[in-house]
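Peer 1: Structure file model-v5.csv (CSV, C-alpha atoms) right here:
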chain,number,residue,atom,x,y,z
A,1,MET,CA,-102.7,-14.4,-9.9
A,2,THR,CA,-100.3,-17.0,-11.3
A,3,ASP,CA,-101.2,-20.0,-13.3
A,4,ASN,CA,-100.2,-22.3,-10.5
A,5,ALA,CA,-102.4,-20.5,-8.1
A,6,LEU,CA,-105.3,-20.7,-10.4
A,7,ASP,CA,-104.7,-24.4,-11.0
A,8,THR,CA,-104.6,-25.1,-7.3
A,9,ALA,CA,-107.8,-23.0,-6.7
A,10,GLY,CA,-109.6,-24.9,-9.5
A,11,ARG,CA,-108.6,-28.3,-8.0
A,12,GLU,CA,-109.6,-27.2,-4.5
A,13,ALA,CA,-113.0,-26.1,-5.8
A,14,ALA,CA,-113.6,-29.4,-7.6
A,15,SER,CA,-112.5,-31.3,-4.5
A,16,THR,CA,-114.8,-29.3,-2.3
A,17,ALA,CA,-117.7,-29.8,-4.7
A,18,ALA,CA,-117.0,-33.6,-4.6
A,19,GLY,CA,-117.2,-33.6,-0.8
A,20,GLU,CA,-113.5,-33.9,-0.1
A,21,PRO,CA,-112.0,-32.1,2.9
A,22,GLY,CA,-110.4,-28.8,2.2
A,23,PRO,CA,-106.7,-28.2,2.5
A,24,SER,CA,-107.1,-26.9,6.1
A,25,THR,CA,-108.3,-30.3,7.2
A,26,VAL,CA,-106.0,-32.6,5.2
A,27,ALA,CA,-103.0,-34.0,6.9
A,28,GLY,CA,-99.5,-33.2,5.7
A,29,PRO,CA,-98.2,-34.8,2.5
A,30,PRO,CA,-97.1,-38.5,2.8
A,31,PRO,CA,-93.4,-39.2,2.7
A,32,GLY,CA,-91.8,-39.2,-0.7
A,33,VAL,CA,-89.5,-37.3,-3.0
A,34,GLY,CA,-90.3,-33.6,-2.8
A,35,GLY,CA,-93.3,-34.2,-0.5
A,36,ARG,CA,-95.1,-36.3,-3.1
A,37,PRO,CA,-96.5,-39.7,-2.3
A,38,PRO,CA,-94.3,-42.6,-3.6
A,39,ARG,CA,-95.3,-44.1,-6.8
A,40,PRO,CA,-96.8,-47.6,-6.6
A,41,THR,CA,-94.5,-50.4,-7.7
A,42,LEU,CA,-95.4,-52.6,-10.7
A,43,GLY,CA,-96.3,-55.4,-8.3
A,44,ARG,CA,-98.7,-53.3,-6.4
A,45,ARG,CA,-100.3,-52.1,-9.7
A,46,ALA,CA,-100.7,-55.7,-10.8
A,47,ILE,CA,-102.3,-56.6,-7.5
A,48,ALA,CA,-104.7,-53.6,-7.7
A,49,LEU,CA,-105.6,-54.5,-11.3
A,50,ALA,CA,-106.3,-58.2,-10.3
A,51,ASP,CA,-108.3,-57.0,-7.3
A,52,SER,CA,-110.5,-54.8,-9.6
A,53,LEU,CA,-111.0,-57.5,-12.2
A,54,TRP,CA,-111.7,-60.7,-10.3
A,55,ARG,CA,-115.2,-59.8,-9.3
A,56,PRO,CA,-116.5,-59.0,-12.8
A,57,ALA,CA,-114.6,-62.0,-14.1
A,58,LEU,CA,-116.3,-64.2,-11.6
A,59,VAL,CA,-119.8,-62.8,-12.5
A,60,LEU,CA,-119.0,-63.2,-16.2
A,61,ALA,CA,-117.8,-66.8,-15.7
A,62,ALA,CA,-121.0,-67.6,-13.8
A,63,PHE,CA,-123.1,-66.1,-16.6
A,64,PHE,CA,-121.3,-68.3,-19.2
A,65,VAL,CA,-121.7,-71.4,-17.1
A,66,ALA,CA,-125.5,-70.7,-16.8
A,67,TRP,CA,-125.7,-70.0,-20.5
A,68,TRP,CA,-123.9,-73.3,-21.4
A,69,PHE,CA,-126.0,-75.3,-18.9
A,70,VAL,CA,-129.3,-74.0,-20.3
A,71,ALA,CA,-128.2,-74.4,-24.0
A,72,ALA,CA,-126.6,-77.8,-23.6
A,73,ARG,CA,-129.6,-79.2,-21.7
A,74,GLU,CA,-131.8,-77.6,-24.4
A,75,TYR,CA,-134.2,-76.1,-21.8
A,76,VAL,CA,-134.5,-73.5,-24.6
A,77,PRO,CA,-134.1,-74.8,-28.2
A,78,ASN,CA,-130.7,-74.2,-29.8
A,79,TYR,CA,-132.2,-72.2,-32.7
A,80,LEU,CA,-133.2,-69.6,-30.1
A,81,VAL,CA,-130.3,-69.9,-27.6
A,82,PRO,CA,-127.2,-71.5,-29.1
A,83,THR,CA,-124.4,-73.0,-27.0
A,84,PRO,CA,-121.2,-70.9,-26.4
A,85,ALA,CA,-119.3,-73.4,-28.5
A,86,GLN,CA,-121.7,-72.8,-31.5
A,87,VAL,CA,-121.2,-69.0,-31.1
A,88,TRP,CA,-117.4,-69.4,-30.9
A,89,THR,CA,-117.4,-71.6,-34.0
A,90,THR,CA,-119.5,-69.1,-35.9
A,91,MET,CA,-117.3,-66.2,-34.8
A,92,THR,CA,-114.0,-68.0,-35.8
A,93,ASP,CA,-115.4,-69.3,-39.2
A,94,GLN,CA,-116.7,-65.9,-40.2
A,95,TRP,CA,-114.1,-63.8,-38.4
A,96,SER,CA,-112.8,-61.9,-41.5
A,97,GLU,CA,-116.3,-60.8,-42.4
A,98,LEU,CA,-117.3,-60.0,-38.9
A,99,ALA,CA,-114.1,-58.0,-38.4
A,100,ARG,CA,-114.9,-55.9,-41.5
A,101,HIS,CA,-118.4,-55.1,-40.2
A,102,THR,CA,-117.0,-54.4,-36.7
A,103,MET,CA,-114.5,-51.8,-38.1
A,104,VAL,CA,-117.4,-50.1,-39.9
A,105,THR,CA,-119.4,-49.8,-36.8
A,106,LEU,CA,-116.4,-48.8,-34.7
A,107,TYR,CA,-115.6,-46.0,-37.2
A,108,GLU,CA,-119.1,-44.6,-37.1
A,109,THR,CA,-119.2,-44.8,-33.3
A,110,VAL,CA,-115.8,-43.1,-32.7
A,111,VAL,CA,-116.6,-40.3,-35.2
A,112,GLY,CA,-120.0,-39.8,-33.8
A,113,PHE,CA,-118.7,-39.7,-30.2
A,114,VAL,CA,-116.0,-37.2,-30.9
A,115,LEU,CA,-118.4,-34.9,-32.7
A,116,ALA,CA,-120.9,-35.3,-29.9
A,117,GLY,CA,-118.3,-34.5,-27.3
A,118,ALA,CA,-117.1,-31.4,-29.1
A,119,LEU,CA,-120.5,-30.1,-29.9
A,120,GLY,CA,-121.9,-31.0,-26.5
A,121,LEU,CA,-119.1,-29.2,-24.7
A,122,ALA,CA,-119.4,-26.1,-26.9
A,123,THR,CA,-123.2,-26.1,-26.3
A,124,ALA,CA,-122.7,-26.5,-22.5
A,125,VAL,CA,-120.3,-23.6,-22.4
A,126,ALA,CA,-122.7,-21.4,-24.4
A,127,ILE,CA,-125.6,-22.3,-22.0
A,128,ALA,CA,-123.5,-21.9,-18.9
A,129,TYR,CA,-122.1,-18.5,-19.9
A,130,SER,CA,-125.2,-16.9,-21.5
A,131,ARG,CA,-128.7,-16.7,-19.9
A,132,THR,CA,-130.1,-15.8,-23.3
A,133,LEU,CA,-128.6,-18.9,-25.0
A,134,ASP,CA,-129.7,-21.0,-22.0
A,135,LYS,CA,-133.3,-20.1,-22.6
A,136,ALA,CA,-132.9,-20.5,-26.4
A,137,LEU,CA,-130.9,-23.7,-26.6
A,138,TYR,CA,-132.0,-25.8,-23.7
A,139,PRO,CA,-135.5,-26.5,-24.9
A,140,ILE,CA,-134.1,-27.4,-28.4
A,141,VAL,CA,-131.6,-29.8,-26.9
A,142,LEU,CA,-134.4,-31.4,-24.8
A,143,PHE,CA,-136.7,-31.6,-27.9
A,144,ALA,CA,-133.9,-33.3,-29.9
A,145,GLN,CA,-133.4,-35.8,-27.2
A,146,VAL,CA,-137.0,-37.0,-26.7
A,147,ILE,CA,-137.5,-37.6,-30.5
A,148,PRO,CA,-137.2,-41.4,-31.1
A,149,LYS,CA,-134.1,-41.8,-33.1
A,150,ILE,CA,-135.2,-44.9,-35.0
A,151,ALA,CA,-138.1,-42.8,-36.3
A,152,ILE,CA,-135.9,-40.2,-38.0
A,153,ALA,CA,-133.4,-42.8,-39.3
A,154,PRO,CA,-135.3,-43.2,-42.6
A,155,LEU,CA,-135.5,-39.4,-43.0
A,156,LEU,CA,-131.7,-39.1,-42.6
A,157,VAL,CA,-131.2,-41.8,-45.2
A,158,VAL,CA,-133.3,-39.8,-47.6
A,159,TRP,CA,-131.4,-36.6,-46.9
A,160,PHE,CA,-127.9,-37.9,-46.7
A,161,GLY,CA,-127.9,-41.2,-48.7
A,162,LEU,CA,-126.7,-44.6,-47.7
A,163,GLY,CA,-123.2,-43.9,-46.6
A,164,PHE,CA,-121.6,-43.2,-43.2
A,165,THR,CA,-123.2,-39.8,-42.8
A,166,PRO,CA,-126.7,-40.8,-41.5
A,167,LYS,CA,-125.2,-43.3,-39.0
A,168,ILE,CA,-122.7,-40.8,-37.7
A,169,ILE,CA,-125.5,-38.2,-37.3
A,170,LEU,CA,-127.6,-40.6,-35.3
A,171,ALA,CA,-124.6,-41.4,-33.1
A,172,VAL,CA,-124.1,-37.7,-32.5
A,173,LEU,CA,-127.8,-37.1,-31.7
A,174,ILE,CA,-127.9,-39.9,-29.1
A,175,ALA,CA,-124.6,-39.2,-27.5
A,176,PHE,CA,-125.0,-35.4,-27.5
A,177,PHE,CA,-127.5,-35.0,-24.6
A,178,PRO,CA,-125.5,-36.4,-21.7
A,179,VAL,CA,-122.4,-34.4,-22.7
A,180,VAL,CA,-124.5,-31.1,-22.6
A,181,ILE,CA,-126.2,-31.9,-19.3
A,182,SER,CA,-123.0,-33.0,-17.5
A,183,GLY,CA,-121.1,-30.1,-19.0
A,184,VAL,CA,-123.6,-27.5,-17.8
A,185,ALA,CA,-123.8,-29.1,-14.4
A,186,GLY,CA,-120.0,-29.0,-14.0
A,187,LEU,CA,-119.5,-25.5,-15.3
A,188,ARG,CA,-122.2,-24.2,-13.0
A,189,SER,CA,-120.9,-25.9,-9.9
A,190,THR,CA,-117.9,-23.6,-9.5
A,191,ASP,CA,-117.8,-21.7,-6.2
A,192,PRO,CA,-118.9,-18.1,-7.0
A,193,GLU,CA,-116.6,-16.8,-4.4
A,194,LEU,CA,-113.7,-18.4,-6.2
A,195,LEU,CA,-114.7,-16.8,-9.4
A,196,ASP,CA,-114.9,-13.4,-7.7
A,197,LEU,CA,-111.5,-14.0,-6.2
A,198,ALA,CA,-110.0,-14.8,-9.6
A,199,ALA,CA,-111.6,-11.6,-11.1
A,200,THR,CA,-110.2,-9.6,-8.2
A,201,MET,CA,-106.7,-10.9,-8.9
A,202,GLY,CA,-106.9,-9.9,-12.5
A,203,ALA,CA,-107.7,-13.2,-14.2
A,204,GLY,CA,-109.7,-12.7,-17.4
A,205,PRO,CA,-112.6,-14.8,-18.6
A,206,TRP,CA,-110.4,-17.2,-20.7
A,207,ARG,CA,-107.9,-17.8,-17.9
A,208,THR,CA,-110.7,-18.3,-15.4
A,209,PHE,CA,-112.3,-20.8,-17.6
A,210,ARG,CA,-109.1,-22.7,-18.4
A,211,LYS,CA,-107.8,-22.7,-14.8
A,212,ILE,CA,-110.9,-22.9,-12.7
A,213,ARG,CA,-114.2,-23.5,-14.4
A,214,PHE,CA,-113.0,-26.2,-16.8
A,215,PRO,CA,-111.0,-28.3,-14.2
A,216,ASN,CA,-114.0,-28.0,-11.9
A,217,ALA,CA,-116.3,-29.3,-14.6
A,218,LEU,CA,-114.1,-32.2,-15.7
A,219,PRO,CA,-115.5,-34.8,-13.1
A,220,HIS,CA,-119.0,-34.1,-14.3
A,221,LEU,CA,-118.0,-33.9,-17.9
A,222,MET,CA,-116.1,-37.2,-17.8
A,223,ALA,CA,-119.2,-38.9,-16.3
A,224,GLY,CA,-121.3,-37.6,-19.2
A,225,LEU,CA,-118.7,-38.8,-21.7
A,226,LYS,CA,-118.7,-42.3,-20.3
A,227,VAL,CA,-122.5,-42.4,-20.8
A,228,ALA,CA,-122.2,-40.8,-24.2
A,229,VAL,CA,-119.6,-43.3,-25.6
A,230,THR,CA,-121.9,-46.3,-24.9
A,231,LEU,CA,-124.9,-44.4,-26.4
A,232,ALA,CA,-122.8,-43.7,-29.5
A,233,VAL,CA,-122.6,-47.4,-30.2
A,234,VAL,CA,-126.4,-47.6,-30.0
A,235,GLY,CA,-126.8,-44.7,-32.4
A,236,ALA,CA,-124.4,-46.2,-35.0
A,237,VAL,CA,-126.2,-49.6,-34.8
A,238,VAL,CA,-129.6,-48.0,-35.1
A,239,GLY,CA,-128.5,-46.1,-38.1
A,240,GLU,CA,-127.4,-49.4,-39.7
A,241,PHE,CA,-130.8,-50.8,-39.3
A,242,VAL,CA,-132.1,-48.6,-42.1
A,243,GLY,CA,-130.5,-48.6,-45.6
A,244,ALA,CA,-127.1,-50.1,-44.7
A,245,SER,CA,-125.1,-52.7,-46.5
A,246,GLU,CA,-122.4,-53.2,-43.9
A,247,GLY,CA,-121.9,-52.8,-40.1
A,248,LEU,CA,-122.9,-54.9,-37.1
A,249,GLY,CA,-126.5,-53.5,-37.3
A,250,TYR,CA,-126.7,-54.8,-40.8
A,251,VAL,CA,-125.4,-58.2,-39.7
A,252,LEU,CA,-127.9,-58.2,-36.9
A,253,LEU,CA,-130.8,-57.8,-39.3
A,254,LEU,CA,-129.4,-60.6,-41.6
A,255,ALA,CA,-129.0,-63.0,-38.7
A,256,ASN,CA,-132.5,-62.2,-37.4
A,257,GLY,CA,-134.0,-62.7,-40.8
A,258,ASN,CA,-132.3,-66.0,-41.3
A,259,LEU,CA,-132.9,-67.2,-37.7
A,260,ASP,CA,-129.2,-67.6,-37.4
A,261,ALA,CA,-128.9,-67.5,-33.6
A,262,PRO,CA,-125.1,-68.2,-33.3
A,263,LEU,CA,-124.4,-65.3,-35.7
A,264,LEU,CA,-126.8,-63.2,-33.8
A,265,PHE,CA,-125.1,-63.8,-30.5
A,266,ALA,CA,-121.7,-63.4,-32.0
A,267,ASP,CA,-122.8,-60.0,-33.4
A,268,LEU,CA,-124.1,-58.9,-30.0
A,269,ILE,CA,-120.9,-59.9,-28.3
A,270,LEU,CA,-118.9,-57.7,-30.8
A,271,MET,CA,-121.2,-54.8,-30.2
A,272,SER,CA,-120.7,-55.1,-26.5
A,273,ALA,CA,-117.0,-55.4,-27.0
A,274,ILE,CA,-116.9,-52.1,-28.8
A,275,GLY,CA,-118.8,-50.3,-26.1
A,276,ILE,CA,-116.6,-51.8,-23.3
A,277,VAL,CA,-113.3,-51.0,-25.0
A,278,LEU,CA,-114.4,-47.4,-25.7
A,279,PHE,CA,-115.7,-47.0,-22.1
A,280,VAL,CA,-112.4,-48.2,-20.7
A,281,LEU,CA,-110.5,-45.7,-23.0
A,282,VAL,CA,-112.6,-42.9,-21.6
A,283,GLU,CA,-111.9,-44.2,-18.0
A,284,ILE,CA,-108.2,-44.1,-18.8
A,285,ALA,CA,-108.5,-40.5,-20.1
A,286,GLU,CA,-110.4,-39.6,-16.9
A,287,ALA,CA,-107.6,-41.1,-14.7
A,288,LEU,CA,-105.0,-39.1,-16.6
A,289,LEU,CA,-107.0,-35.8,-16.6
A,290,ILE,CA,-108.3,-35.8,-13.0
A,291,PRO,CA,-106.1,-38.1,-10.9
A,292,TRP,CA,-106.5,-35.6,-8.0
A,293,HIS,CA,-110.3,-36.1,-7.8
A,294,ALA,CA,-111.9,-38.1,-5.1
A,295,SER,CA,-113.6,-40.5,-7.5
A,296,ARG,CA,-110.1,-41.6,-8.8
A,297,ARG,CA,-108.7,-42.6,-5.4
A,298,ALA,CA,-109.4,-46.0,-4.0
A,299,GLY,CA,-110.8,-46.3,-0.5
A,300,VAL,CA,-112.6,-43.0,-0.4
A,301,PRO,CA,-115.6,-43.4,2.0
A,302,LEU,CA,-119.0,-42.7,0.6
A,303,THR,CA,-120.4,-41.6,4.0
A,304,THR,CA,-119.1,-39.6,6.9
A,305,SER,CA,-119.9,-42.4,9.4
What's the structure tokens form of this structure?

Peer 2:
Amino acid sequence: MTDNALDTAGREAASTAAGEPGPSTVAGPPPGVGGRPPRPTLGRRAIALADSLWRPALVLAAFFVAWWFVAAREYVPNYLVPTPAQVWTTMTDQWSELARHTMVTLYETVVGFVLAGALGLATAVAIAYSRTLDKALYPIVLFAQVIPKIAIAPLLVVWFGLGFTPKIILAVLIAFFPVVISGVAGLRSTDPELLDLAATMGAGPWRTFRKIRFPNALPHLMAGLKVAVTLAVVGAVVGEFVGASEGLGYVLLLANGNLDAPLLFADLILMSAIGIVLFVLVEIAEALLIPWHASRRAGVPLTTS
């Protein structure tokens, strides 16, 4: 069996698992060069981007208007809910310091996420391919997930000191679980008949994994990674709550202790920005890796009616 045939089989298996019609029911290729659909122009891409952004932008604008109205009228005291102008002034006046703390948290988050993704995928492969490892590792993974991470943060500080290590470990522990679960679900969703066909055609375990199992698991895995990247931010911040001298979690504690509501809100906005930017980057990676999947195409109906 050739690599192209295995690639096609893997994509068809993933499409079938996602509820797409098989190749026998799909109409012929749209007109274009070499039978491929024509690429959208820059104008169409801009229109599609604007169409996807105006709704969340409208909701965000309504939120800021409501926030400004409540704070300006002082329905809630300003030392509890500052105005957007006060938050903006605090952010601009202390930008250099806030940027330094943001980079610290960003570094801990990215390193923790990358490690969680690599370890989670390796664990998912081990669980999916070995029944013994499945029974041995799955309970341990579940046990590690249900432990409150804030409870073990002081222990990690005692073991690993006050540097980056305990924060990164917490980010890994929090982001690890969704990667494992999604990876196992994806690897186990491959059509057994397709695996039998690949074995019959002489494809070894590695080629079968690379050409069929892994492409089939990518939609599930990317969904888990999108959850994990946001949880990694939480893990890094939680780690900074205990024994830290820098990072947005440390700033959050300082602002809370000093009742500095504008700094507190500015810090929360920066935390959210880190999570949103990283989530968008994973979305872009998903669009590049699985552009053929139903979830990446606009206008795909959710029902058969």

Peer 1: In Å, with one decimal, what is the gap from atom CA of A:Val237 to atom CA of A:Tyr250?

Peer 2: 8.0 Å

Peer 1: Could you list, as a list in words, every residue within 9 Å of stretch 147-161 of chain A, counting all atoms listed in the file and ignoring same-chain residues fewer than 5 positions away?

Peer 2: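 Listed by chain and then number, they are Leu142, Pro166, Lys167, Ile169, Leu170, Leu173, Ile174, Gly235, Val238, Gly239, Glu240, Phe241, Val242 and Gly243 of chain A.
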
Peer 1: For atom CA of A:Val110 and atom CA of A:Leu278, determine how far apart the two atoms are, in Å to one decimal place.

Peer 2: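 Those two atoms sit 8.3 Å apart.
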
Peer 1: Please compute the atom CA of A:Ala232-atom CA of A:Leu106 distance, one decimal, in Å.

Peer 2: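 Those two atoms sit 9.7 Å apart.
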
Peer 1: Excluding A:Gly249 and its own-chain neighbours fewer than 3 positions away, which residues fall within 10 Å of it when counting all atoms listed in the file? Please give them as a list of chain:residue names.

Peer 2: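 Residues near the query, excluding close chain neighbours: A:His101, A:Thr102, A:Thr105, A:Val234, A:Ala236, A:Val237, A:Val238, A:Gly239, A:Glu240, A:Phe241, A:Val242, A:Ala244, A:Ser245, A:Glu246, A:Leu252, A:Leu253, A:Leu254, A:Ala255, A:Asp267, A:Leu268, A:Met271.
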
Peer 1: Mind listing whatever residues come within 9 Å of the point (-121.0, -66.9, -28.4)? Use only C-alpha atoms, file coordinates, and give them as a VMD selection string.

Peer 2: chain A and resid 82 to 91 262 to 269

Peer 1: Using all atoms listed in the file, what residues lie at most 10 Å away from (-128.8, -37.1, -20.6) (file coordinates), given as number ranges by chain?

Peer 2: A: 142, 145, 174-182, 224, 227-228

Peer 1: Determine, counting all atoms listed in the file, which protein, DNA and RNA residues have an atom within 10 Å of an atom of stretch 279-289 of chain A; residues of the same chain fewer than 6 positions away are not included. Present the result as number ranges by chain.

Peer 2: A: 215, 218-219, 221-223, 225-230, 273, 295-297

Peer 1: Can you work out which one of A:Asn216, A:Asn258, A:Thr92, A:Thr165 has the shortest atom-to-atom distance to A:Ser189, counting all atoms listed in the file?

Peer 2: A:Asn216
